[in-house]
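The file data-v2.cif comes next; it holds mmCIF, C-alpha atoms.
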```cif
data_target
#
loop_
_atom_site.group_PDB
_atom_site.id
_atom_site.type_symbol
_atom_site.label_atom_id
_atom_site.label_comp_id
_atom_site.auth_asym_id
_atom_site.auth_seq_id
_atom_site.Cartn_x
_atom_site.Cartn_y
_atom_site.Cartn_z
ATOM 1 C CA MET A 10 151.505 102.686 32.877
ATOM 2 C CA LYS A 11 154.081 100.402 34.397
ATOM 3 C CA SER A 12 153.472 99.412 37.986
ATOM 4 C CA LEU A 13 154.755 101.933 40.493
ATOM 5 C CA PHE A 14 155.198 99.262 43.086
ATOM 6 C CA LEU A 15 156.893 96.248 41.535
ATOM 7 C CA VAL A 16 160.378 97.736 41.726
ATOM 8 C CA PRO A 17 163.257 95.358 42.592
ATOM 9 C CA LEU A 18 164.728 97.465 45.394
ATOM 10 C CA CYS A 19 165.114 96.752 49.111
ATOM 11 C CA ALA A 20 164.978 98.703 52.339
ATOM 12 C CA ALA A 21 168.373 100.299 51.858
ATOM 13 C CA LEU A 22 166.891 103.771 52.175
ATOM 14 C CA PHE A 23 165.581 102.849 55.598
ATOM 15 C CA SER A 24 168.604 100.778 56.519
ATOM 16 C CA PHE A 25 170.637 103.933 56.189
ATOM 17 C CA GLY A 26 168.557 105.778 58.729
ATOM 18 C CA VAL A 27 167.380 103.207 61.237
ATOM 19 C CA ALA A 28 169.864 104.204 63.910
ATOM 20 C CA ALA A 29 171.602 107.285 62.574
ATOM 21 C CA TYR A 30 172.074 109.123 65.842
ATOM 22 C CA ALA A 31 173.721 112.480 66.453
ATOM 23 C CA GLN A 32 177.266 111.082 66.688
ATOM 24 C CA VAL A 33 177.306 110.186 62.984
ATOM 25 C CA ASP A 34 180.157 112.007 61.241
ATOM 26 C CA GLN A 35 178.422 114.085 58.579
ATOM 27 C CA SER A 36 181.640 115.628 57.269
ATOM 28 C CA ASP A 37 182.783 112.384 55.597
ATOM 29 C CA PRO A 38 180.252 110.657 53.302
ATOM 30 C CA GLN A 39 181.704 107.169 53.664
ATOM 31 C CA ALA A 40 182.083 107.501 57.436
ATOM 32 C CA LEU A 41 178.462 108.631 57.621
ATOM 33 C CA ILE A 42 177.211 105.571 55.727
ATOM 34 C CA LYS A 43 179.536 103.186 57.558
ATOM 35 C CA THR A 44 178.624 104.412 61.036
ATOM 36 C CA ALA A 45 174.899 104.468 60.313
ATOM 37 C CA THR A 46 175.042 100.970 58.857
ATOM 38 C CA GLN A 47 176.842 99.636 61.922
ATOM 39 C CA GLN A 48 174.280 101.231 64.167
ATOM 40 C CA ILE A 49 171.423 99.536 62.353
ATOM 41 C CA PHE A 50 173.004 96.203 63.171
ATOM 42 C CA ASP A 51 173.219 97.291 66.807
ATOM 43 C CA GLU A 52 169.522 98.150 66.636
ATOM 44 C CA VAL A 53 168.657 94.742 65.203
ATOM 45 C CA ARG A 54 170.866 93.027 67.769
ATOM 46 C CA THR A 55 168.953 94.749 70.562
ATOM 47 C CA ARG A 56 165.509 93.959 69.156
ATOM 48 C CA ALA A 57 164.592 92.577 65.775
ATOM 49 C CA ILE A 58 162.601 94.872 63.522
ATOM 50 C CA GLU A 59 159.329 93.278 62.507
ATOM 51 C CA PRO A 60 158.373 94.075 58.894
ATOM 52 C CA ASP A 61 154.714 94.656 59.816
ATOM 53 C CA ASP A 62 155.498 97.072 62.639
ATOM 54 C CA ILE A 63 154.781 100.155 60.536
ATOM 55 C CA PRO A 64 154.408 102.539 63.518
ATOM 56 C CA ARG A 65 157.903 101.648 64.752
ATOM 57 C CA ILE A 66 159.350 101.945 61.258
ATOM 58 C CA MET A 67 157.663 105.333 60.876
ATOM 59 C CA ASP A 68 159.117 106.496 64.181
ATOM 60 C CA ILE A 69 162.563 105.333 63.102
ATOM 61 C CA VAL A 70 162.367 107.084 59.738
ATOM 62 C CA ASN A 71 160.986 110.346 61.121
ATOM 63 C CA ARG A 72 163.445 110.403 64.008
ATOM 64 C CA ASP A 73 166.612 109.219 62.323
ATOM 65 C CA ILE A 74 166.524 109.285 58.536
ATOM 66 C CA LEU A 75 165.323 112.829 57.899
ATOM 67 C CA PRO A 76 168.325 114.630 59.475
ATOM 68 C CA TYR A 77 170.695 112.845 57.082
ATOM 69 C CA THR A 78 168.538 112.517 53.967
ATOM 70 C CA ASP A 79 167.271 115.224 51.644
ATOM 71 C CA PHE A 80 164.009 113.598 50.658
ATOM 72 C CA ARG A 81 162.823 116.873 49.166
ATOM 73 C CA ARG A 82 165.709 116.656 46.708
ATOM 74 C CA THR A 83 164.877 113.014 46.008
ATOM 75 C CA THR A 84 161.258 113.872 45.237
ATOM 76 C CA SER A 85 162.075 116.930 43.126
ATOM 77 C CA LEU A 86 164.555 115.022 40.965
ATOM 78 C CA THR A 87 162.087 112.175 40.561
ATOM 79 C CA MET A 88 159.353 114.546 39.369
ATOM 80 C CA GLY A 89 161.731 116.386 37.031
ATOM 81 C CA ARG A 90 160.275 119.426 35.290
ATOM 82 C CA TYR A 91 156.891 118.884 36.934
ATOM 83 C CA TRP A 92 158.349 119.763 40.325
ATOM 84 C CA ARG A 93 158.922 123.356 39.214
ATOM 85 C CA THR A 94 155.299 123.792 38.134
ATOM 86 C CA ALA A 95 153.824 122.188 41.255
ATOM 87 C CA THR A 96 152.564 124.466 44.022
ATOM 88 C CA PRO A 97 154.311 124.430 47.428
ATOM 89 C CA ALA A 98 151.342 122.503 48.829
ATOM 90 C CA GLN A 99 151.557 119.920 46.045
ATOM 91 C CA GLN A 100 155.292 119.568 46.585
ATOM 92 C CA GLN A 101 154.843 118.880 50.290
ATOM 93 C CA GLN A 102 152.078 116.353 49.603
ATOM 94 C CA MET A 103 154.313 114.588 47.079
ATOM 95 C CA ILE A 104 157.158 114.372 49.582
ATOM 96 C CA GLU A 105 154.907 112.818 52.225
ATOM 97 C CA GLN A 106 153.119 110.397 49.907
ATOM 98 C CA PHE A 107 156.351 109.267 48.214
ATOM 99 C CA LYS A 108 157.974 108.678 51.595
ATOM 100 C CA MET A 109 154.978 106.665 52.778
ATOM 101 C CA LEU A 110 154.990 104.628 49.576
ATOM 102 C CA LEU A 111 158.603 103.603 50.095
ATOM 103 C CA ILE A 112 158.025 102.798 53.758
ATOM 104 C CA HIS A 113 155.023 100.576 53.048
ATOM 105 C CA THR A 114 156.468 98.933 49.966
ATOM 106 C CA TYR A 115 159.870 98.015 51.351
ATOM 107 C CA SER A 116 159.251 97.629 55.071
ATOM 108 C CA GLY A 117 159.160 93.860 54.608
ATOM 109 C CA ALA A 118 162.832 93.846 53.669
ATOM 110 C CA ILE A 119 163.738 95.283 57.061
ATOM 111 C CA GLY A 120 162.776 92.018 58.699
ATOM 112 C CA GLN A 121 165.486 90.304 56.652
ATOM 113 C CA ILE A 122 168.310 92.331 58.200
ATOM 114 C CA HIS A 123 170.646 90.247 60.331
ATOM 115 C CA ALA A 124 172.990 91.643 62.971
ATOM 116 C CA ASP A 125 175.849 89.456 61.747
ATOM 117 C CA GLN A 126 175.531 90.476 58.108
ATOM 118 C CA GLN A 127 178.836 91.516 56.573
ATOM 119 C CA ILE A 128 179.274 94.818 54.739
ATOM 120 C CA GLU A 129 182.361 95.774 52.736
ATOM 121 C CA TYR A 130 183.321 99.370 51.920
ATOM 122 C CA PRO A 131 185.512 99.788 48.839
ATOM 123 C CA PRO A 132 187.952 102.728 49.049
ATOM 124 C CA LEU A 133 186.392 106.107 48.309
ATOM 125 C CA ARG A 134 188.508 108.713 46.553
ATOM 126 C CA ILE A 135 187.099 112.170 47.083
ATOM 127 C CA ALA A 136 188.629 115.566 46.360
ATOM 128 C CA PRO A 137 188.106 118.556 48.663
ATOM 129 C CA THR A 138 186.151 120.276 45.886
ATOM 130 C CA ASP A 139 183.740 117.368 45.304
ATOM 131 C CA THR A 140 180.141 118.159 46.184
ATOM 132 C CA ASP A 141 178.426 115.016 44.871
ATOM 133 C CA VAL A 142 179.734 111.501 45.510
ATOM 134 C CA VAL A 143 178.710 107.850 45.343
ATOM 135 C CA VAL A 144 179.575 105.677 48.325
ATOM 136 C CA ARG A 145 179.754 102.011 47.342
ATOM 137 C CA THR A 146 178.991 99.174 49.728
ATOM 138 C CA ILE A 147 178.894 95.430 49.182
ATOM 139 C CA ALA A 148 176.549 93.405 51.371
ATOM 140 C CA MET A 149 177.181 89.686 51.645
ATOM 141 C CA LYS A 150 174.047 87.528 51.801
ATOM 142 C CA ASN A 151 174.258 83.741 51.738
ATOM 143 C CA GLY A 152 177.778 84.076 50.426
ATOM 144 C CA GLN A 153 176.688 86.204 47.465
ATOM 145 C CA PRO A 154 177.682 89.888 47.089
ATOM 146 C CA ALA A 155 174.993 92.517 46.559
ATOM 147 C CA GLU A 156 176.161 96.029 45.728
ATOM 148 C CA ILE A 157 174.333 99.018 47.186
ATOM 149 C CA ASP A 158 175.475 102.499 46.182
ATOM 150 C CA TYR A 159 174.502 105.676 48.038
ATOM 151 C CA ARG A 160 174.564 109.064 46.310
ATOM 152 C CA LEU A 161 175.143 112.051 48.580
ATOM 153 C CA TYR A 162 175.685 115.759 48.072
ATOM 154 C CA LYS A 163 177.476 118.273 50.238
ATOM 155 C CA THR A 164 175.562 120.926 52.176
ATOM 156 C CA PRO A 165 176.719 123.515 54.729
ATOM 157 C CA GLN A 166 175.406 121.148 57.411
ATOM 158 C CA GLY A 167 177.254 118.107 56.051
ATOM 159 C CA TRP A 168 176.629 115.348 53.517
ATOM 160 C CA ARG A 169 173.063 114.309 52.721
ATOM 161 C CA LEU A 170 171.779 111.137 51.091
ATOM 162 C CA TYR A 171 169.346 111.604 48.203
ATOM 163 C CA ASP A 172 169.535 108.553 45.927
ATOM 164 C CA LEU A 173 170.553 104.918 46.061
ATOM 165 C CA ASN A 174 171.336 102.107 43.690
ATOM 166 C CA VAL A 175 170.468 98.514 44.545
ATOM 167 C CA LEU A 176 171.732 95.845 42.153
ATOM 168 C CA GLY A 177 171.984 98.338 39.299
ATOM 169 C CA VAL A 178 168.629 100.042 39.919
ATOM 170 C CA TRP A 179 168.720 103.730 40.907
ATOM 171 C CA LEU A 180 165.709 104.853 42.925
ATOM 172 C CA ILE A 181 165.186 108.251 41.241
ATOM 173 C CA GLN A 182 165.649 106.919 37.728
ATOM 174 C CA THR A 183 163.240 104.057 38.377
ATOM 175 C CA TYR A 184 160.380 106.223 39.542
ATOM 176 C CA ARG A 185 160.931 109.282 37.306
ATOM 177 C CA GLN A 186 159.321 107.943 34.135
ATOM 178 C CA GLN A 187 156.504 106.317 36.072
ATOM 179 C CA PHE A 188 155.698 109.572 37.888
ATOM 180 C CA ASN A 189 155.913 111.554 34.659
ATOM 181 C CA ASP A 190 153.548 109.168 32.883
ATOM 182 C CA LYS A 191 150.992 109.507 35.651
ATOM 183 C CA ILE A 192 151.268 113.310 35.700
ATOM 184 C CA GLN A 193 150.746 113.463 31.940
ATOM 185 C CA GLN A 194 147.591 111.413 32.373
ATOM 186 C CA SER A 195 145.993 113.208 35.310
ATOM 187 C CA GLY A 196 148.245 116.019 36.511
ATOM 188 C CA VAL A 197 150.163 116.403 39.753
ATOM 189 C CA ASP A 198 146.971 116.183 41.799
ATOM 190 C CA GLY A 199 146.163 112.926 40.043
ATOM 191 C CA LEU A 200 149.520 111.464 41.006
ATOM 192 C CA ILE A 201 149.105 112.605 44.606
ATOM 193 C CA GLN A 202 145.652 111.038 44.778
ATOM 194 C CA PHE A 203 146.927 107.829 43.205
ATOM 195 C CA LEU A 204 149.772 107.561 45.728
ATOM 196 C CA ALA A 205 147.462 108.369 48.639
ATOM 197 C CA GLU A 206 145.005 105.655 47.608
ATOM 198 C CA ARG A 207 147.808 103.150 47.158
ATOM 199 C CA ASN A 208 149.245 104.002 50.550
ATOM 200 C CA GLN A 209 145.829 103.433 52.117
ATOM 201 C CA GLN A 210 145.660 100.037 50.455
ATOM 202 C CA LEU A 211 149.118 99.093 51.715
ATOM 203 C CA ALA A 212 148.306 100.344 55.210
ATOM 204 C CA SER A 213 145.245 98.076 55.293
ATOM 205 C CA GLY A 214 147.316 95.070 54.250
ATOM 206 C CA LYS A 215 146.228 94.993 50.606
ATOM 207 C CA GLN A 216 148.915 94.442 47.970
#
```
Please lay out the structure from this file as structure tokens.
Amino acid sequence: MKSLFLVPLCAALFSFGVAAYAQVDQSDPQALIKTATQQIFDEVRTRAIEPDDIPRIMDIVNRDILPYTDFRRTTSLTMGRYWRTATPAQQQQMIEQFKMLLIHTYSGAIGQIHADQQIEYPPLRIAPTDTDVVVRTIAMKNGQPAEIDYRLYKTPQGWRLYDLNVLGVWLIQTYRQQFNDKIQQSGVDGLIQFLAERNQQLASGKQ
């Protein structure tokens, strides 16, 4: 099985939610991303985020990212057909372990965020009937552009983030085959156990 952890992504999932407070406009997908991104820079400007400060990162994610992200949808799409056969308890365990995996794996990238980093937002054309959109952003780092795309869908409560694309790599697509391979080998419980053990290793500082 290919490594579940050597994926060339960054902390964009967390960058989205680091300071997404209640005033974020959830009725406009681009405004939501733009405002939340600006607020992360305000957060960094106030106090730098240390990549090894997992408790703070956990607080940030649990407080700010969950209201604007449908991580259940992210996990279900990543598991594909196996999500439908998993029990409610297995589904909840998968959500928590997958979230922890991403936090541990990509928390180091948070320390690379700079308050003066420039972000460009190409025009977004969206029809009133659209319920699923991709918001493109271009982050400038050392003079080089890096594209990060956010996929959101419309809910009665507003737009919700559920997938992202960093440098051509979509999160759900990247993990789907790897999760499926593991489930075929040892079932959903086997995948949950594997993720839990890996998260324990990462929490103890082991790579």
Excluding Gln99 (chain A) and its own-chain neighbours fewer than 3 positions away, which residues fall within 12 Å of it when counting only C-alpha atoms? Please give them as a ChimeraX atom specification. /A:84-85,88,91-96,102-107,196-202
Save out the residues we just selected, C-alpha atoms, as a CSV table (one decimal), in the frame of the given file.
```
chain,number,residue,atom,x,y,z
A,84,THR,CA,161.3,113.9,45.2
A,85,SER,CA,162.1,116.9,43.1
A,88,MET,CA,159.4,114.5,39.4
A,91,TYR,CA,156.9,118.9,36.9
A,92,TRP,CA,158.3,119.8,40.3
A,93,ARG,CA,158.9,123.4,39.2
A,94,THR,CA,155.3,123.8,38.1
A,95,ALA,CA,153.8,122.2,41.3
A,96,THR,CA,152.6,124.5,44.0
A,102,GLN,CA,152.1,116.4,49.6
A,103,MET,CA,154.3,114.6,47.1
A,104,ILE,CA,157.2,114.4,49.6
A,105,GLU,CA,154.9,112.8,52.2
A,106,GLN,CA,153.1,110.4,49.9
A,107,PHE,CA,156.4,109.3,48.2
A,196,GLY,CA,148.2,116.0,36.5
A,197,VAL,CA,150.2,116.4,39.8
A,198,ASP,CA,147.0,116.2,41.8
A,199,GLY,CA,146.2,112.9,40.0
A,200,LEU,CA,149.5,111.5,41.0
A,201,ILE,CA,149.1,112.6,44.6
A,202,GLN,CA,145.7,111.0,44.8
```
One decimal place gives the CA of Val144 (chain A)-CA of Gln127 (chain A) separation as 16.4 Å
Which of these residues is nearest to Gln47 (chain A), using only C-alpha atoms: A:Ile147, A:Ile128, A:Ala98, A:Val142? A:Ile128
Got a sec: who's within 7 Å of Leu173 (chain A), counting all atoms listed in the file, leaving out chain neighbours fewer than 3 positions off, as a PyMOL selection string? chain A and resi 158-160+179-180
Which residues fall under the PyMOL selection byres ((chain A and resi 86) around 10) in this file, as a PyMOL selection string? chain A and resi 80-85+87-92+171-172+181-182+184-185
As a check of understanding: the span from CA of Asn208 (chain A) to CA of Leu110 (chain A) is 5.9 Å
Can you pull out the residues contacting His113 (chain A)? Cut-off 8 Å, using all atoms listed in the file, and skip same-chain residues under 6 positions away; I want them as JSON, numbers by chain. {"A": [63, 208, 211, 212]}
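CA of Pro38 (chain A) is positioned 10.5 Å from CA of Tyr77 (chain A).
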Quick one: of A:Ala205, A:Pro154, A:Gln101, A:Gln39, who's nearest to Arg134 (chain A), counting all atoms listed in the file?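 The closest residue to Arg134 (chain A) is A:Gln39.
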Around all of region 168-185 of chain A's listed atoms, make the axis-aligned box with 5 Å on each side and tell me centre and edge lengths in Å to one decimal, as lines of an AutoDock Vina configuration file.
```
center_x = 168.5
center_y = 105.6
center_z = 45.4
size_x = 26.2
size_y = 29.5
size_z = 26.2
```
Test item: the PyMOL selection byres ((chain A and resi 157) around 6) resolved as a ChimeraX atom specification: /A:146,156,158,174-175
With distances taken over all atoms listed in the file, which residue among A:Thr78, A:Thr55, A:Asn151, A:Thr164 lies nearest Ser36 (chain A)?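 Ranking A:Thr78, A:Thr55, A:Asn151, A:Thr164 by distance to Ser36 (chain A), first place goes to A:Thr164.
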Point out the residue among A:Lys163, A:Asp34, A:Thr183, A:Thr46 with the least atom-to-atom distance to Tyr130 (chain A), counting all atoms listed in the file.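 Looking at the shortest contact to Tyr130 (chain A), the residue is A:Thr46.
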With all heavy atoms as the target, complete region 142-153 of chain A and hand it back as a JSON list (two decimals), in the frame of the given file.
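Below is the file that was written, rebuild_39.json:
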```
[["chain", "number", "residue", "atom", "x", "y", "z"],
["A", 142, "VAL", "N", 178.94, 112.73, 45.53],
["A", 142, "VAL", "CA", 179.73, 111.50, 45.51],
["A", 142, "VAL", "C", 178.83, 110.29, 45.59],
["A", 142, "VAL", "O", 177.67, 110.37, 46.00],
["A", 142, "VAL", "CB", 180.75, 111.46, 46.67],
["A", 142, "VAL", "CG1", 181.71, 112.64, 46.61],
["A", 142, "VAL", "CG2", 180.04, 111.40, 48.01],
["A", 143, "VAL", "N", 179.38, 109.14, 45.20],
["A", 143, "VAL", "CA", 178.71, 107.85, 45.34],
["A", 143, "VAL", "C", 179.53, 106.99, 46.28],
["A", 143, "VAL", "O", 180.72, 106.74, 46.02],
["A", 143, "VAL", "CB", 178.53, 107.15, 43.98],
["A", 143, "VAL", "CG1", 177.98, 105.74, 44.19],
["A", 143, "VAL", "CG2", 177.61, 107.95, 43.08],
["A", 144, "VAL", "N", 178.93, 106.56, 47.37],
["A", 144, "VAL", "CA", 179.58, 105.68, 48.32],
["A", 144, "VAL", "C", 179.12, 104.25, 48.02],
["A", 144, "VAL", "O", 177.93, 103.95, 48.09],
["A", 144, "VAL", "CB", 179.22, 106.05, 49.77],
["A", 144, "VAL", "CG1", 179.81, 105.03, 50.75],
["A", 144, "VAL", "CG2", 179.72, 107.44, 50.10],
["A", 145, "ARG", "N", 180.08, 103.39, 47.68],
["A", 145, "ARG", "CA", 179.75, 102.01, 47.34],
["A", 145, "ARG", "C", 179.85, 101.13, 48.58],
["A", 145, "ARG", "O", 180.74, 101.29, 49.41],
["A", 145, "ARG", "CB", 180.70, 101.48, 46.26],
["A", 145, "ARG", "CG", 180.59, 102.18, 44.93],
["A", 145, "ARG", "CD", 181.57, 101.59, 43.92],
["A", 145, "ARG", "NE", 181.34, 100.15, 43.74],
["A", 145, "ARG", "CZ", 182.27, 99.22, 43.90],
["A", 145, "ARG", "NH1", 183.50, 99.56, 44.29],
["A", 145, "ARG", "NH2", 181.98, 97.95, 43.71],
["A", 146, "THR", "N", 178.91, 100.20, 48.70],
["A", 146, "THR", "CA", 178.99, 99.17, 49.73],
["A", 146, "THR", "C", 178.65, 97.84, 49.09],
["A", 146, "THR", "O", 177.92, 97.78, 48.09],
["A", 146, "THR", "CB", 178.02, 99.43, 50.90],
["A", 146, "THR", "OG1", 176.67, 99.24, 50.46],
["A", 146, "THR", "CG2", 178.17, 100.85, 51.43],
["A", 147, "ILE", "N", 179.18, 96.78, 49.67],
["A", 147, "ILE", "CA", 178.89, 95.43, 49.18],
["A", 147, "ILE", "C", 178.40, 94.60, 50.36],
["A", 147, "ILE", "O", 179.14, 94.36, 51.32],
["A", 147, "ILE", "CB", 180.14, 94.78, 48.55],
["A", 147, "ILE", "CG1", 180.63, 95.63, 47.38],
["A", 147, "ILE", "CG2", 179.81, 93.36, 48.08],
["A", 147, "ILE", "CD1", 181.93, 95.14, 46.76],
["A", 148, "ALA", "N", 177.15, 94.22, 50.31],
["A", 148, "ALA", "CA", 176.55, 93.40, 51.37],
["A", 148, "ALA", "C", 176.63, 91.94, 50.97],
["A", 148, "ALA", "O", 176.28, 91.57, 49.85],
["A", 148, "ALA", "CB", 175.10, 93.82, 51.60],
["A", 149, "MET", "N", 177.08, 91.12, 51.89],
["A", 149, "MET", "CA", 177.18, 89.69, 51.64],
["A", 149, "MET", "C", 175.95, 89.00, 52.22],
["A", 149, "MET", "O", 175.63, 89.13, 53.40],
["A", 149, "MET", "CB", 178.44, 89.13, 52.29],
["A", 149, "MET", "CG", 179.72, 89.77, 51.78],
["A", 149, "MET", "SD", 179.96, 89.57, 49.99],
["A", 149, "MET", "CE", 180.12, 87.78, 49.88],
["A", 150, "LYS", "N", 175.23, 88.27, 51.37],
["A", 150, "LYS", "CA", 174.05, 87.53, 51.80],
["A", 150, "LYS", "C", 174.12, 86.12, 51.24],
["A", 150, "LYS", "O", 174.18, 85.94, 50.02],
["A", 150, "LYS", "CB", 172.77, 88.23, 51.33],
["A", 150, "LYS", "CG", 171.50, 87.56, 51.84],
["A", 150, "LYS", "CD", 170.27, 88.34, 51.44],
["A", 150, "LYS", "CE", 169.00, 87.69, 51.98],
["A", 150, "LYS", "NZ", 167.78, 88.43, 51.58],
["A", 151, "ASN", "N", 174.14, 85.15, 52.13],
["A", 151, "ASN", "CA", 174.26, 83.74, 51.74],
["A", 151, "ASN", "C", 175.47, 83.52, 50.85],
["A", 151, "ASN", "O", 175.44, 82.73, 49.90],
["A", 151, "ASN", "CB", 172.98, 83.29, 51.01],
["A", 151, "ASN", "CG", 171.74, 83.40, 51.88],
["A", 151, "ASN", "OD1", 171.81, 83.17, 53.08],
["A", 151, "ASN", "ND2", 170.62, 83.75, 51.28],
["A", 152, "GLY", "N", 176.54, 84.24, 51.17],
["A", 152, "GLY", "CA", 177.78, 84.08, 50.43],
["A", 152, "GLY", "C", 177.82, 84.79, 49.09],
["A", 152, "GLY", "O", 178.83, 84.72, 48.39],
["A", 153, "GLN", "N", 176.76, 85.50, 48.73],
["A", 153, "GLN", "CA", 176.69, 86.20, 47.46],
["A", 153, "GLN", "C", 176.75, 87.71, 47.69],
["A", 153, "GLN", "O", 176.06, 88.24, 48.56],
["A", 153, "GLN", "CB", 175.39, 85.85, 46.73],
["A", 153, "GLN", "CG", 175.26, 84.39, 46.38],
["A", 153, "GLN", "CD", 176.33, 83.91, 45.42],
["A", 153, "GLN", "OE1", 176.69, 84.63, 44.48],
["A", 153, "GLN", "NE2", 176.85, 82.72, 45.63]]
```
